[in-house]
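Engineer: Structure provided below as structure tokens; questions to follow.
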Amino acid sequence: MSRTFLIALAASVLILGGCSKGGTKPDADAASTTTGGETDYSSQTGLGTGAAGEGGAYVEPGMQPGDAELITETVIYFDFDTANIRPDYSEVLAAHARRLAANPGMSVRLEGHADERGSREYNIGLGERRAQAVRQALMLQGVNSVQITTVSYGEERPASTGSDEEAWALNRRVEIIYSE
Amino acid sequence: MLKIGFSRWGFGCFLLLAAHSAGAQLRIEISQGVSEAVPVAVVPFGYDGKGEAPIDAAGVIAADLQRSGRFAPMARTDMISRPGSAQEINFADWRLLKTDYLVIGRIVEEGPDRYALRFQVFDVFRGTQLLGYQLSGSAAAMRAIAHRAADMIFEKLTGVPGAFSTRIAYVSVVRENGQEVYRLIVADADGANPAVISESSQPLMSPAWSPDGRRIAYVSFEGKRSGVYVQELATGSRQVVSRSPGINGAPSFSPDGRWLALTLSGEDGNLDIYVLNPATGEKRRLTENSAIDTEAVWTPDGREIYFTSDRSGGPQIYRLPVSGRSSPQRVTFEGRYNARPRLAPDGGTLAVVHNDRGNYRIAVVDLERKTTQVLTDGQQDESPSFAPNGSMIIYATRRGGRGVLAAVSTDGRVKQSIASAAGDVREPVWSPYPKD
């Protein structure tokens with residue numbers, strides 16, 4: 001993947017981060033599943049306390065409103081024969097990066113995959129290239145390399161077992177797997 | 001008749017697990033044979049000894065010759081006599097039946113669990129013996145001995161050594177109780193005697209034979225990370241050869257069996273080719289390029305490797321001296337995708353996975369003439385591997401949504417389909433000739 005793209009990605013994350021810092025509050029959804037009390041979403045660094053008795057979405061340390069939802073997306077899909085991260089994943093990866101950067105004890109395993117076409121060991125290489133693209137994107141946004149391990153399964157662990165365009169699109173992917 | 005002992009493969013001392021699921025056994029059928037397949041009659045062999053003969057040796061030999069696609073064995077029901085010795089042959093009868101060659105033989109019990117297989121091959125038109133031989137061994141070895149006899153007959157009649165007494169390693173994947181079970185299996189070249197040598201819930205891939213046929217290197221993802229392992233077939237003992245961070249893949253033994261070429265990526269994920277001596281731990285990097293460099297295979301003299309690299313954009317095949325003193329030379333130029341090179345035993349031809357108008361097919365690249373010939377007609381053909389006599393290439397393909405194996409002769413005239421009753425089979429690798 002091109003270096004310029006990574007820089008652009010990092011820059012856009014900075015801009016997004018800058019905007020939302022002074023932005024709107026999260027939806028004060030009374031029915032939201034708050035765990036362990038409310039936190040002030042506007043704090044970039046940590047464990048501020050919200051006003052007692054006021055409902056609010058739980059925001060993990062270092063994360064931003066909307067991140068909780070963004071990080072539920074843990075599979076990044078790729079186009080045929082490329083390891084370029086599609087622009088529509090920039091927010092998802094930025095949210096994962098914020099989470100990891102704020103929690104140095106947290107780590108992720110990036111599992112790279114390819115579709116079934118072509119040779120198996122070469123596909124291991126393609127899966128690795130995709131996992132590395134995600135790794136680089138996370139590291140450019142402040143994640144420490146020790147928090148990330150990669151593994152490439154190539155075409156060995158397909159998400160879909162079909163042999164058509166639809167299945168192949170589901171199989172060209174990187175899975176982000178958290179471990180404490 | 002010449003008499004030799006039979007010690008190939010060290011029969012009876014394998015600590016292999018029998019492949020318990022019947023589905024693991026392969027069934028090999030000819031889907032296309034040569035139109036001028038040579039008619040041959042393999043008369044059922046006589047037996048001198050107690051009880052039943054240990055095997056139907058004539059049946060094994062006829063099946064081998066038939067599977068080669070180059071012979072058309074006569075049905076037993078069409079045989080009008082069953083000679084057991086040269087004196088009993090009436091060549092005029094066999095000429096009438098339009099068979100070119102006649103094979104007769106017998107099994108003789110020589111002692112406790114000791115049998116001799118004698119066979120003779122005759123040219124029906126000349127009425128002369130072409131070959132006479134005796135091979136001995138235990139009851140358990142008789143099947144392998146019959147394959148060896150088929151090898152000798154094949155060589156006598158075609159000029160090419162037979163490869164029936166070789167073996168095939170392959171990976172089978174079966175979904176059991178909602179989980180994939182990966183098995184590395186070694187079977188006879190006719191699919192018989194499948195034995196599981198490794199089993200895992202995580203992927204197993206890239207099996208490679210040592211040149212003496214006694215060890216197999218492979219990749220296992222056990223512990224959810226890749227590692228290259230070398231396993232002794234006779235004992236099942238296993239050595240971790242490489243389990244570095246990142247990719248450990250694509251092992252290939254040097255012709256002297258002392259070195260492995262393999263692919264390592266390190267944490268930064270840049271795949272490059274290394275050579276490693278498992279006995280000493282000595283390791284040397286052969287390529288240093290930001291592209292994917294993988295799938296190395298050695299030349300027969302051990303001086304060079306061929307490998308896949310996408311340094312020019314798409315994957316192509318390159319050649320590099322193992323000394324590392326010069327830069328890689330690209331050797332494939334036809335098509336945008338050529339990967340996974342495997343070298344013919346004579347070193348003159350590469351079998352590759354080649355993108356042929358959107359389909360992945362097996363092609364052979366003539367290294368001297370620089371021509372590419374597509375041999376197969378599937379959509380997902382991969383993992384080519386030469387028989388040690390260079391006559392056939394076994395490979396993996398998909399049929400009916402399943403992974404199956406197939407084989408094609410290097411001239412494209414003979415095609416075999418190799419079915420497994422259950423699950424997917426893939427990554428077939430043909431063993432070298434057994435070493436005495």
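Here, A, B, ... name the chains of the structure tokens in the order displayed, residue numbers run from 1 inside each chain, and ligands are numbered from 1 in the same displayed order.
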Please report as JSON lines every residue of chain A lying within 8 Å of chain B, along with the nearest atom pair and their distance in Å (one decimal), using only C-alpha atoms.
Structural biologist:
```
{"residue": "A:Arg117", "atom": "CA", "partner": "B:Gln380", "partner_atom": "CA", "distance": 6.4}
{"residue": "A:Gly118", "atom": "CA", "partner": "B:Tyr360", "partner_atom": "CA", "distance": 6.1}
{"residue": "A:Ser119", "atom": "CA", "partner": "B:Glu382", "partner_atom": "CA", "distance": 5.9}
{"residue": "A:Arg120", "atom": "CA", "partner": "B:Ser383", "partner_atom": "CA", "distance": 7.8}
{"residue": "A:Glu121", "atom": "CA", "partner": "B:Ala250", "partner_atom": "CA", "distance": 6.4}
{"residue": "A:Tyr122", "atom": "CA", "partner": "B:Thr294", "partner_atom": "CA", "distance": 6.6}
{"residue": "A:Gly125", "atom": "CA", "partner": "B:Ile292", "partner_atom": "CA", "distance": 6.0}
{"residue": "A:Leu126", "atom": "CA", "partner": "B:Ile292", "partner_atom": "CA", "distance": 8.0}
{"residue": "A:Glu128", "atom": "CA", "partner": "B:Gly269", "partner_atom": "CA", "distance": 6.1}
{"residue": "A:Arg129", "atom": "CA", "partner": "B:Gly269", "partner_atom": "CA", "distance": 6.7}
{"residue": "A:Gln132", "atom": "CA", "partner": "B:Gly269", "partner_atom": "CA", "distance": 6.3}
{"residue": "A:Thr149", "atom": "CA", "partner": "B:Glu267", "partner_atom": "CA", "distance": 7.7}
{"residue": "A:Thr150", "atom": "CA", "partner": "B:Gly246", "partner_atom": "CA", "distance": 6.6}
{"residue": "A:Val151", "atom": "CA", "partner": "B:Gly246", "partner_atom": "CA", "distance": 6.2}
{"residue": "A:Ser152", "atom": "CA", "partner": "B:Ile247", "partner_atom": "CA", "distance": 7.2}
{"residue": "A:Glu156", "atom": "CA", "partner": "B:Pro203", "partner_atom": "CA", "distance": 6.4}
{"residue": "A:Arg157", "atom": "CA", "partner": "B:Pro203", "partner_atom": "CA", "distance": 7.7}
{"residue": "A:Gly162", "atom": "CA", "partner": "B:Gly401", "partner_atom": "CA", "distance": 7.3}
{"residue": "A:Ser163", "atom": "CA", "partner": "B:Gly401", "partner_atom": "CA", "distance": 7.2}
```
Engineer: Please produce an output containing N, CA and C atoms for each residue in the selection, written as a PDB file, in the first residue's frame.
Structural biologist:
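To be explicit, this is the file written out as result-v7.pdb:
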```pdb
ATOM      1  N   ARG A 117      -8.047 -18.466  -4.875  1.00  0.00           N
ATOM      2  CA  ARG A 117      -7.481 -18.568  -6.211  1.00  0.00           C
ATOM      3  C   ARG A 117      -5.957 -18.490  -6.194  1.00  0.00           C
ATOM      4  N   GLY A 118      -5.344 -19.335  -6.994  1.00  0.00           N
ATOM      5  CA  GLY A 118      -3.891 -19.309  -7.105  1.00  0.00           C
ATOM      6  C   GLY A 118      -3.214 -20.204  -6.092  1.00  0.00           C
ATOM      7  N   SER A 119      -1.935 -19.967  -5.949  1.00  0.00           N
ATOM      8  CA  SER A 119      -1.119 -20.911  -5.185  1.00  0.00           C
ATOM      9  C   SER A 119      -1.179 -20.626  -3.678  1.00  0.00           C
ATOM     10  N   ARG A 120      -1.106 -21.671  -2.863  1.00  0.00           N
ATOM     11  CA  ARG A 120      -1.371 -21.544  -1.425  1.00  0.00           C
ATOM     12  C   ARG A 120      -0.316 -20.741  -0.676  1.00  0.00           C
ATOM     13  N   GLU A 121       0.943 -21.020  -0.930  1.00  0.00           N
ATOM     14  CA  GLU A 121       1.975 -20.281  -0.195  1.00  0.00           C
ATOM     15  C   GLU A 121       2.034 -18.823  -0.655  1.00  0.00           C
ATOM     16  N   TYR A 122       1.798 -18.581  -1.937  1.00  0.00           N
ATOM     17  CA  TYR A 122       1.752 -17.191  -2.388  1.00  0.00           C
ATOM     18  C   TYR A 122       0.587 -16.479  -1.702  1.00  0.00           C
ATOM     19  N   GLY A 125       1.398 -15.166   1.511  1.00  0.00           N
ATOM     20  CA  GLY A 125       2.039 -13.854   1.365  1.00  0.00           C
ATOM     21  C   GLY A 125       1.021 -12.737   1.216  1.00  0.00           C
ATOM     22  N   LEU A 126      -0.024 -12.972   0.408  1.00  0.00           N
ATOM     23  CA  LEU A 126      -1.051 -11.936   0.218  1.00  0.00           C
ATOM     24  C   LEU A 126      -1.789 -11.657   1.524  1.00  0.00           C
ATOM     25  N   GLU A 128      -0.614 -12.039   4.506  1.00  0.00           N
ATOM     26  CA  GLU A 128       0.321 -11.331   5.386  1.00  0.00           C
ATOM     27  C   GLU A 128       0.405  -9.853   5.000  1.00  0.00           C
ATOM     28  N   ARG A 129       0.423  -9.597   3.699  1.00  0.00           N
ATOM     29  CA  ARG A 129       0.505  -8.210   3.240  1.00  0.00           C
ATOM     30  C   ARG A 129      -0.701  -7.415   3.747  1.00  0.00           C
ATOM     31  N   GLN A 132      -0.326  -6.794   7.433  1.00  0.00           N
ATOM     32  CA  GLN A 132       0.674  -5.740   7.651  1.00  0.00           C
ATOM     33  C   GLN A 132       0.112  -4.360   7.334  1.00  0.00           C
ATOM     34  N   THR A 149       0.296  -8.610  16.985  1.00  0.00           N
ATOM     35  CA  THR A 149       0.917  -9.746  16.309  1.00  0.00           C
ATOM     36  C   THR A 149       0.121 -10.016  15.037  1.00  0.00           C
ATOM     37  N   THR A 150       0.806 -10.533  14.032  1.00  0.00           N
ATOM     38  CA  THR A 150       0.094 -10.870  12.795  1.00  0.00           C
ATOM     39  C   THR A 150       0.278 -12.352  12.511  1.00  0.00           C
ATOM     40  N   VAL A 151      -0.701 -12.906  11.846  1.00  0.00           N
ATOM     41  CA  VAL A 151      -0.572 -14.262  11.325  1.00  0.00           C
ATOM     42  C   VAL A 151      -1.313 -14.278  10.000  1.00  0.00           C
ATOM     43  N   SER A 152      -0.761 -14.967   9.030  1.00  0.00           N
ATOM     44  CA  SER A 152      -1.474 -15.101   7.767  1.00  0.00           C
ATOM     45  C   SER A 152      -1.881 -16.551   7.561  1.00  0.00           C
ATOM     46  N   GLU A 156      -6.277 -20.787   3.793  1.00  0.00           N
ATOM     47  CA  GLU A 156      -6.513 -22.014   4.566  1.00  0.00           C
ATOM     48  C   GLU A 156      -7.741 -21.953   5.468  1.00  0.00           C
ATOM     49  N   ARG A 157      -8.157 -20.749   5.862  1.00  0.00           N
ATOM     50  CA  ARG A 157      -9.311 -20.620   6.757  1.00  0.00           C
ATOM     51  C   ARG A 157     -10.357 -19.686   6.150  1.00  0.00           C
ATOM     52  N   GLY A 162     -17.696 -20.994  -0.456  1.00  0.00           N
ATOM     53  CA  GLY A 162     -18.105 -21.004  -1.864  1.00  0.00           C
ATOM     54  C   GLY A 162     -16.946 -20.731  -2.799  1.00  0.00           C
ATOM     55  N   SER A 163     -17.211 -20.906  -4.111  1.00  0.00           N
ATOM     56  CA  SER A 163     -16.188 -20.621  -5.122  1.00  0.00           C
ATOM     57  C   SER A 163     -16.719 -19.594  -6.108  1.00  0.00           C
TER      58      SER A 163
END
```
Engineer: Just the strand (DSSP E or B) stuff from stretch 51-175 of chain A, please, per backbone DSSP, written as an NGL selection string.
Structural biologist: :A and (75-77 or 107-113 or 148-154 or 173-175)
Engineer: Produce a file of the selected residues containing C-alpha atoms, as a PDB file, in the first residue's frame.
Structural biologist:
```pdb
ATOM      1  CA  VAL A  75     -13.204  -7.558   9.896  1.00  0.00           C
ATOM      2  CA  ILE A  76     -11.567  -5.454   7.191  1.00  0.00           C
ATOM      3  CA  TYR A  77     -12.335  -6.611   3.653  1.00  0.00           C
ATOM      4  CA  SER A 107      -3.122  -6.422  22.371  1.00  0.00           C
ATOM      5  CA  VAL A 108      -4.536  -7.555  19.065  1.00  0.00           C
ATOM      6  CA  ARG A 109      -3.862 -10.353  16.712  1.00  0.00           C
ATOM      7  CA  LEU A 110      -4.342  -9.525  13.049  1.00  0.00           C
ATOM      8  CA  GLU A 111      -5.264 -12.558  10.977  1.00  0.00           C
ATOM      9  CA  GLY A 112      -4.748 -12.030   7.267  1.00  0.00           C
ATOM     10  CA  HIS A 113      -6.608 -14.091   4.690  1.00  0.00           C
ATOM     11  CA  ILE A 148       0.205  -6.278  17.587  1.00  0.00           C
ATOM     12  CA  THR A 149       0.917  -9.746  16.309  1.00  0.00           C
ATOM     13  CA  THR A 150       0.094 -10.870  12.795  1.00  0.00           C
ATOM     14  CA  VAL A 151      -0.572 -14.262  11.325  1.00  0.00           C
ATOM     15  CA  SER A 152      -1.474 -15.101   7.767  1.00  0.00           C
ATOM     16  CA  TYR A 153      -3.664 -18.080   7.006  1.00  0.00           C
ATOM     17  CA  GLY A 154      -3.698 -17.396   3.272  1.00  0.00           C
ATOM     18  CA  ARG A 173      -9.977 -10.036   4.835  1.00  0.00           C
ATOM     19  CA  VAL A 174      -8.105  -9.198   8.001  1.00  0.00           C
ATOM     20  CA  GLU A 175      -9.710 -10.168  11.281  1.00  0.00           C
TER      21      GLU A 175
END
```
Engineer: Could you name the residues that touch A:Gly142 at 7 Å or less, counting only C-alpha atoms, but leaving out those on the same chain fewer than 2 positions away, as a ChimeraX atom specification?
Structural biologist: /A:97,101,138-140,144
Engineer: Filtering to N, CA and C atoms, could you give me those residues as a compact mmCIF listing (two decimals), in the first residue's frame?
Structural biologist:
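Ended up saving to part-v4.txt:
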```txt
# COMPACT_ATOMS: atom_id res chain seq x y z
N ALA A 97 -7.43 1.98 16.78
CA ALA A 97 -6.13 2.54 17.14
C ALA A 97 -6.23 3.35 18.43
N ALA A 101 -4.12 2.48 21.67
CA ALA A 101 -3.14 3.47 22.11
C ALA A 101 -3.41 3.87 23.56
N LEU A 138 -2.51 0.98 12.13
CA LEU A 138 -2.67 1.11 13.58
C LEU A 138 -1.44 1.77 14.20
N MET A 139 -0.26 1.36 13.73
CA MET A 139 0.98 1.91 14.30
C MET A 139 1.14 3.39 13.97
N LEU A 140 0.71 3.79 12.78
CA LEU A 140 0.79 5.20 12.40
C LEU A 140 -0.10 6.06 13.29
N ASN A 144 1.51 0.83 19.75
CA ASN A 144 2.86 0.28 19.88
C ASN A 144 2.95 -1.08 19.18
```
Engineer: For stretch 407-421 of chain B, please output as a compact mmCIF listing (two decimals) with N, CA and C atoms, in the first residue's frame all residues within 8 Å (counting only C-alpha atoms; exclusion window: fewer than 3 positions along the same chain).
Structural biologist:
```txt
# COMPACT_ATOMS: atom_id res chain seq x y z
N ALA B 22 -12.62 -44.33 6.47
CA ALA B 22 -12.52 -44.95 5.15
C ALA B 22 -12.47 -43.89 4.08
N GLY B 23 -13.03 -42.71 4.38
CA GLY B 23 -13.07 -41.63 3.40
C GLY B 23 -11.72 -41.10 3.02
N ALA B 24 -10.70 -41.42 3.80
CA ALA B 24 -9.38 -40.86 3.52
C ALA B 24 -8.72 -41.55 2.33
N GLN B 25 -9.19 -42.72 1.96
CA GLN B 25 -8.55 -43.44 0.86
C GLN B 25 -8.89 -42.83 -0.50
N LEU B 26 -7.89 -42.73 -1.32
CA LEU B 26 -8.09 -42.14 -2.64
C LEU B 26 -8.45 -43.23 -3.64
N ARG B 27 -9.26 -42.85 -4.62
CA ARG B 27 -9.61 -43.78 -5.69
C ARG B 27 -9.16 -43.14 -7.00
N ILE B 28 -8.26 -43.81 -7.68
CA ILE B 28 -7.65 -43.21 -8.87
C ILE B 28 -8.24 -43.84 -10.12
N GLU B 29 -8.75 -42.99 -11.01
CA GLU B 29 -9.32 -43.49 -12.25
C GLU B 29 -8.75 -42.72 -13.43
N ILE B 30 -8.67 -43.43 -14.56
CA ILE B 30 -8.20 -42.78 -15.78
C ILE B 30 -9.37 -42.01 -16.39
N SER B 31 -9.22 -40.70 -16.56
CA SER B 31 -10.28 -39.96 -17.23
C SER B 31 -9.94 -39.75 -18.71
N GLN B 32 -8.66 -39.91 -19.03
CA GLN B 32 -8.26 -39.83 -20.43
C GLN B 32 -6.98 -40.64 -20.60
N GLY B 33 -7.01 -41.64 -21.48
CA GLY B 33 -5.80 -42.42 -21.74
C GLY B 33 -5.33 -42.18 -23.16
N VAL B 34 -4.15 -42.70 -23.49
CA VAL B 34 -3.69 -42.52 -24.87
C VAL B 34 -4.53 -43.43 -25.78
N ARG B 67 -3.69 -47.74 -14.88
CA ARG B 67 -3.72 -46.37 -14.38
C ARG B 67 -2.71 -45.46 -15.08
N SER B 68 -1.66 -46.06 -15.63
CA SER B 68 -0.66 -45.24 -16.34
C SER B 68 -1.26 -44.61 -17.59
N GLY B 69 -2.38 -45.17 -18.05
CA GLY B 69 -3.03 -44.64 -19.25
C GLY B 69 -2.38 -45.10 -20.53
N ARG B 70 -1.24 -45.80 -20.41
CA ARG B 70 -0.49 -46.20 -21.61
C ARG B 70 -0.71 -47.67 -21.97
N VAL B 364 3.43 -26.33 -17.98
CA VAL B 364 4.86 -26.66 -17.92
C VAL B 364 5.63 -25.63 -18.75
N LEU B 375 -1.46 -27.64 -19.36
CA LEU B 375 -1.78 -29.06 -19.40
C LEU B 375 -3.18 -29.39 -18.90
N THR B 376 -3.76 -28.53 -18.09
CA THR B 376 -5.03 -28.88 -17.45
C THR B 376 -6.12 -27.91 -17.87
N GLY B 390 9.22 -38.34 -13.90
CA GLY B 390 8.96 -37.19 -14.75
C GLY B 390 7.80 -37.38 -15.72
N SER B 391 7.08 -38.52 -15.64
CA SER B 391 6.06 -38.79 -16.64
C SER B 391 4.70 -38.18 -16.31
N MET B 392 4.41 -38.01 -15.02
CA MET B 392 3.10 -37.49 -14.61
C MET B 392 3.28 -36.32 -13.65
N ILE B 393 2.27 -35.47 -13.60
CA ILE B 393 2.22 -34.39 -12.61
C ILE B 393 0.92 -34.58 -11.85
N ILE B 394 1.03 -34.71 -10.52
CA ILE B 394 -0.18 -34.77 -9.71
C ILE B 394 -0.45 -33.36 -9.21
N TYR B 395 -1.72 -33.00 -9.06
CA TYR B 395 -2.06 -31.64 -8.63
C TYR B 395 -3.41 -31.65 -7.94
N VAL B 404 -10.27 -31.91 -4.77
CA VAL B 404 -9.91 -33.27 -5.21
C VAL B 404 -8.53 -33.22 -5.84
N ASP B 424 -12.19 -32.59 1.78
CA ASP B 424 -11.34 -32.04 0.74
C ASP B 424 -9.96 -32.69 0.81
N VAL B 425 -9.37 -32.94 -0.32
CA VAL B 425 -7.96 -33.34 -0.36
C VAL B 425 -7.21 -32.33 -1.21
```
Engineer: For stretch 169-175 of chain B, please output as a short mmCIF file (atom, residue, chain, number, x, y, z; two decimals) with C-alpha atoms, in the first residue's frame all residues within 6 Å (counting only C-alpha atoms; exclusion window: fewer than 5 positions along the same chain).
Structural biologist:
```cif
data_model
loop_
_atom_site.label_atom_id
_atom_site.label_comp_id
_atom_site.auth_asym_id
_atom_site.auth_seq_id
_atom_site.Cartn_x
_atom_site.Cartn_y
_atom_site.Cartn_z
CA GLU B 180 -12.17 -28.68 10.62
CA VAL B 181 -9.74 -31.52 11.12
CA TYR B 182 -6.56 -31.28 9.07
CA ARG B 183 -4.64 -34.47 8.37
CA LEU B 184 -1.34 -35.03 6.63
CA ILE B 185 -1.59 -38.42 4.95
CA VAL B 186 0.95 -40.63 3.23
CA GLY B 423 -13.92 -33.94 2.71
CA ASP B 424 -11.34 -32.04 0.74
CA VAL B 425 -7.96 -33.34 -0.36
CA ARG B 426 -5.21 -31.02 -1.50
CA GLU B 427 -1.48 -30.41 -1.83
CA PRO B 428 -0.40 -33.79 -3.22
CA VAL B 429 3.35 -34.35 -3.32
#
```
Engineer: If we count only C-alpha atoms, what is near B:Gln66 at a cut-off of 9 Å, once residues fewer than 5 positions away on the same chain are taken out, given as a VMD selection string?
Structural biologist: chain B and resid 30 33 37 61 71 to 73
Engineer: Kindly export the residues of the current selection with C-alpha atoms, as a PDB file, in the first residue's frame.
Structural biologist:
```
ATOM      1  CA  ILE B  30      -8.205 -42.775 -15.780  1.00  0.00           C
ATOM      2  CA  GLY B  33      -5.804 -42.417 -21.736  1.00  0.00           C
ATOM      3  CA  ALA B  37      -2.863 -47.785 -25.295  1.00  0.00           C
ATOM      4  CA  ILE B  61       0.203 -55.091 -11.654  1.00  0.00           C
ATOM      5  CA  PHE B  71      -1.658 -49.812 -21.346  1.00  0.00           C
ATOM      6  CA  ALA B  72      -4.975 -51.564 -21.833  1.00  0.00           C
ATOM      7  CA  PRO B  73      -4.902 -54.735 -19.720  1.00  0.00           C
TER       8      PRO B  73
END
```
Engineer: Excluding same-chain residues fewer than 4 positions from stretch 103-105 of chain A, what lies within 8 Å of it counting only C-alpha atoms, as a VMD selection string?
Structural biologist: chain A and resid 61 to 62 99 144 147 180
Engineer: Selection from above, C-alpha atoms, as an mmCIF file, in the first residue's frame, can you write it?
Structural biologist:
```cif
data_model
loop_
_atom_site.group_PDB
_atom_site.id
_atom_site.type_symbol
_atom_site.label_atom_id
_atom_site.label_comp_id
_atom_site.auth_asym_id
_atom_site.auth_seq_id
_atom_site.Cartn_x
_atom_site.Cartn_y
_atom_site.Cartn_z
ATOM 1 C CA PRO A 61 -10.606 5.286 28.160
ATOM 2 C CA GLY A 62 -9.124 7.157 25.275
ATOM 3 C CA ARG A 99 -8.534 2.013 21.938
ATOM 4 C CA ASN A 144 2.860 0.279 19.884
ATOM 5 C CA GLN A 147 0.624 -4.728 21.018
ATOM 6 C CA GLU A 180 -5.938 -9.100 27.099
#
```
Engineer: For atom CA of B:Arg357 and atom CA of B:Thr372, determine how far apart the two atoms are, in Å to one decimal place.
Structural biologist: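 Computing the Euclidean distance for atom CA of B:Arg357 and atom CA of B:Thr372 yields 13.9 Å.
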Engineer: Let me make sure I understand: among A:Ile124, A:Glu69, A:Thr74, A:Ala114, which one has the smallest atom-to-atom distance to B:Leu264 if we use only C-alpha atoms?
Structural biologist: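 Closest residue, counting only C-alpha atoms: A:Ile124.
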Engineer: If I take atom CA of B:Val43 and atom CA of B:Pro194, how far is one from the other in Å, to one decimal?
Structural biologist: 27.7 Å
Engineer: What separation in Å, quoted to one decimal, exists between atom CA of B:Asp56 and atom CA of B:Arg126?
Structural biologist: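 Between these atoms lies a distance of 27.9 Å.
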Engineer: When distances are computed from only C-alpha atoms, which of B:Gly111, B:Asp64, B:Gln120, B:Phe125 shows the smallest separation from B:Ala192?
Structural biologist: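 Answer, going by the shortest atom-to-atom distance: B:Asp64.
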Engineer: Could you find all residues in stretch 111-220 of chain B that DSSP calls alpha helix (DSSP H) from the backbone, and write them as a ChimeraX atom specification?
Structural biologist: /B:142-158
Engineer: Could the residues in this selection be written to a file with N, CA and C atoms, as a PDB file, in the first residue's frame?
Structural biologist:
```pdb
ATOM      1  N   MET B 142       4.219 -57.743   0.164  1.00  0.00           N
ATOM      2  CA  MET B 142       3.916 -58.267  -1.165  1.00  0.00           C
ATOM      3  C   MET B 142       3.253 -57.253  -2.091  1.00  0.00           C
ATOM      4  N   ARG B 143       2.457 -56.377  -1.528  1.00  0.00           N
ATOM      5  CA  ARG B 143       1.801 -55.367  -2.345  1.00  0.00           C
ATOM      6  C   ARG B 143       2.847 -54.424  -2.956  1.00  0.00           C
ATOM      7  N   ALA B 144       3.793 -54.001  -2.111  1.00  0.00           N
ATOM      8  CA  ALA B 144       4.869 -53.130  -2.596  1.00  0.00           C
ATOM      9  C   ALA B 144       5.722 -53.860  -3.627  1.00  0.00           C
ATOM     10  N   ILE B 145       5.904 -55.153  -3.422  1.00  0.00           N
ATOM     11  CA  ILE B 145       6.699 -55.946  -4.361  1.00  0.00           C
ATOM     12  C   ILE B 145       5.992 -56.044  -5.715  1.00  0.00           C
ATOM     13  N   ALA B 146       4.664 -56.190  -5.669  1.00  0.00           N
ATOM     14  CA  ALA B 146       3.906 -56.231  -6.922  1.00  0.00           C
ATOM     15  C   ALA B 146       4.034 -54.891  -7.658  1.00  0.00           C
ATOM     16  N   HIS B 147       4.007 -53.759  -6.893  1.00  0.00           N
ATOM     17  CA  HIS B 147       4.206 -52.443  -7.532  1.00  0.00           C
ATOM     18  C   HIS B 147       5.595 -52.358  -8.163  1.00  0.00           C
ATOM     19  N   ARG B 148       6.571 -52.931  -7.464  1.00  0.00           N
ATOM     20  CA  ARG B 148       7.943 -52.911  -7.980  1.00  0.00           C
ATOM     21  C   ARG B 148       8.025 -53.714  -9.278  1.00  0.00           C
ATOM     22  N   ALA B 149       7.325 -54.846  -9.311  1.00  0.00           N
ATOM     23  CA  ALA B 149       7.281 -55.637 -10.540  1.00  0.00           C
ATOM     24  C   ALA B 149       6.642 -54.829 -11.666  1.00  0.00           C
ATOM     25  N   ALA B 150       5.565 -54.102 -11.327  1.00  0.00           N
ATOM     26  CA  ALA B 150       4.908 -53.253 -12.338  1.00  0.00           C
ATOM     27  C   ALA B 150       5.870 -52.177 -12.839  1.00  0.00           C
ATOM     28  N   ASP B 151       6.682 -51.614 -11.918  1.00  0.00           N
ATOM     29  CA  ASP B 151       7.701 -50.625 -12.315  1.00  0.00           C
ATOM     30  C   ASP B 151       8.637 -51.194 -13.367  1.00  0.00           C
ATOM     31  N   MET B 152       9.088 -52.446 -13.101  1.00  0.00           N
ATOM     32  CA  MET B 152      10.060 -53.063 -14.000  1.00  0.00           C
ATOM     33  C   MET B 152       9.431 -53.374 -15.347  1.00  0.00           C
ATOM     34  N   ILE B 153       8.191 -53.834 -15.320  1.00  0.00           N
ATOM     35  CA  ILE B 153       7.492 -54.149 -16.575  1.00  0.00           C
ATOM     36  C   ILE B 153       7.285 -52.864 -17.386  1.00  0.00           C
ATOM     37  N   PHE B 154       6.852 -51.815 -16.681  1.00  0.00           N
ATOM     38  CA  PHE B 154       6.610 -50.528 -17.342  1.00  0.00           C
ATOM     39  C   PHE B 154       7.883 -50.025 -18.008  1.00  0.00           C
ATOM     40  N   GLU B 155       8.994 -50.132 -17.280  1.00  0.00           N
ATOM     41  CA  GLU B 155      10.262 -49.640 -17.825  1.00  0.00           C
ATOM     42  C   GLU B 155      10.695 -50.459 -19.043  1.00  0.00           C
ATOM     43  N   LYS B 156      10.503 -51.789 -18.953  1.00  0.00           N
ATOM     44  CA  LYS B 156      10.896 -52.657 -20.068  1.00  0.00           C
ATOM     45  C   LYS B 156      10.100 -52.313 -21.330  1.00  0.00           C
ATOM     46  N   LEU B 157       8.813 -52.021 -21.141  1.00  0.00           N
ATOM     47  CA  LEU B 157       7.946 -51.843 -22.303  1.00  0.00           C
ATOM     48  C   LEU B 157       7.899 -50.406 -22.813  1.00  0.00           C
ATOM     49  N   THR B 158       8.243 -49.422 -21.974  1.00  0.00           N
ATOM     50  CA  THR B 158       8.153 -48.020 -22.416  1.00  0.00           C
ATOM     51  C   THR B 158       9.507 -47.329 -22.470  1.00  0.00           C
TER      52      THR B 158
END
```
